[in-house]
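Novice: Encoded as structure tokens, here's the structure I'll be asking about.
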Amino acid sequence: MAREPGPAKKSWRDADRARSSSYHATETLARHEQKGHQTSATKEYKAALEALFQKKPDAVEAMEKLAPAIRMPKVVEAAVPEGEVVPSRRQDQLRKILAASSTKAISDSIEAFLNAGHTLPDDQEVFLQMLEHRNEERVRDAIGQLERLLMGQLPKRKPVLVQRLKRIEEHAEEAATRDAANQLRRKVS
């Protein structure tokens, strides 16, 4: 049985041409063009919002141009009176203390925090960091504060606390510091 020739098979080029000229292809292309326009408008809107949250002076006008129906109050950053401490700076400096890893970094961040007029919060983590301070007077203060805090609560990081107290007992230059570390370690253990 011989095979009869059927209809001619379309080439790839012809198939592609047929696809690109169909109704669905033109509709999809129009949707993609519209989405591209939306993304640029969205980017512009997001940039204006970001400027607004950064309290840039011309941000309100930019937002009003993008969304004229919305009236926004003008944001004016108030000057901080002298003698008052801005809470965000305090929090940033406190984060630096907790993130510091070397003795020098811990000592410098604690000194910067205290020189800025802040007082250390009653937090075990802060005083645990302060045990790494270069100044033995600050270390004794930290031991005293930890002793006071541990009267009412359990140690959060007991192994780290015991390790640091042992190291202070072995390497501290002043006898008062060694004795304070020894007493606190015995209470914790």
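Each chain in the structure tokens gets a letter, A, B, ..., in the order shown, and its residues are numbered from 1; ligands are numbered from 1 in order too.
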Tell me, as a list in words, which residues lie within 10 Å of Arg140 in chain A, counting only C-alpha atoms; anything in the same chain fewer than 2 positions away does not count.
Specialist: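 Everything that qualifies: Met130, Leu131, His133, Asn135, Glu136, Glu137, Arg138, Ala142, Ile143, Gly144, Gln145, Leu146, Ala176, Thr177, Arg178, Asp179, Ala180 and Ala181 of chain A.
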Novice: Would you output that residue set with N, CA and C atoms, as a CSV table (one decimal), in the first residue's frame?
Specialist:
```csv
chain,number,residue,atom,x,y,z
A,130,MET,N,28.7,44.4,79.0
A,130,MET,CA,29.5,45.4,79.7
A,130,MET,C,30.6,44.6,80.5
A,131,LEU,N,30.4,43.3,80.8
A,131,LEU,CA,31.5,42.5,81.4
A,131,LEU,C,32.7,42.5,80.6
A,133,HIS,N,34.0,45.1,79.0
A,133,HIS,CA,34.6,46.4,79.0
A,133,HIS,C,36.1,46.4,79.4
A,135,ASN,N,37.6,48.9,81.1
A,135,ASN,CA,37.7,49.6,82.3
A,135,ASN,C,37.1,48.7,83.4
A,136,GLU,N,37.9,48.3,84.4
A,136,GLU,CA,37.5,47.4,85.5
A,136,GLU,C,36.4,48.0,86.4
A,137,GLU,N,36.3,49.3,86.4
A,137,GLU,CA,35.3,50.0,87.2
A,137,GLU,C,33.9,49.7,86.6
A,138,ARG,N,33.9,49.8,85.2
A,138,ARG,CA,32.7,49.6,84.5
A,138,ARG,C,32.3,48.1,84.7
A,142,ALA,N,28.9,46.5,86.2
A,142,ALA,CA,28.1,45.5,85.5
A,142,ALA,C,27.8,44.3,86.4
A,143,ILE,N,28.8,43.9,87.1
A,143,ILE,CA,28.6,42.8,88.1
A,143,ILE,C,27.6,43.1,89.1
A,144,GLY,N,27.7,44.3,89.7
A,144,GLY,CA,26.7,44.8,90.7
A,144,GLY,C,25.3,44.8,90.1
A,145,GLN,N,25.1,45.4,88.9
A,145,GLN,CA,23.8,45.4,88.3
A,145,GLN,C,23.3,44.0,88.0
A,146,LEU,N,24.1,43.1,87.5
A,146,LEU,CA,23.7,41.8,87.2
A,146,LEU,C,23.3,41.1,88.5
A,176,ALA,N,39.4,43.7,93.8
A,176,ALA,CA,38.0,43.9,94.0
A,176,ALA,C,37.1,43.4,92.8
A,177,THR,N,37.7,43.5,91.6
A,177,THR,CA,37.0,43.0,90.5
A,177,THR,C,36.9,41.5,90.5
A,178,ARG,N,38.1,40.9,90.8
A,178,ARG,CA,38.1,39.4,90.9
A,178,ARG,C,37.2,38.8,91.9
A,179,ASP,N,37.1,39.5,93.1
A,179,ASP,CA,36.2,39.1,94.2
A,179,ASP,C,34.8,39.2,93.8
A,180,ALA,N,34.4,40.3,93.2
A,180,ALA,CA,33.0,40.5,92.8
A,180,ALA,C,32.6,39.5,91.7
A,181,ALA,N,33.5,39.2,90.8
A,181,ALA,CA,33.2,38.2,89.8
A,181,ALA,C,33.0,36.8,90.4
```
Novice: Per DSSP on the backbone, filter range 91-177 of chain A down to the residues in alpha helix (DSSP H) and report them as a PyMOL selection string.
Specialist: chain A and resi 91-99+103-115+124-130+136-149+158-171+175-177
Novice: Near range 109-114 of chain A, within 10 Å and counting only C-alpha atoms, which residues show up once chain neighbours fewer than 5 positions away are dropped, as a PyMOL selection string?
Specialist: chain A and resi 89-100+103-104+119-120+126+129-130+133+138
Novice: Any idea what the distance is between CA of Ser107 in chain A and CA of Pro159 in chain A?
Specialist: 21.9 Å
Novice: Between CA of Glu147 in chain A and CA of His118 in chain A, what distance in Å does the model show, to one decimal?
Specialist: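 The value is 21.4 Å.
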Novice: Enter the distance from CA of Leu149 in chain A to CA of Arg167 in chain A, in Å, rounded to one decimal.
Specialist: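 We find that CA of Leu149 in chain A and CA of Arg167 in chain A lie 20.8 Å from each other.
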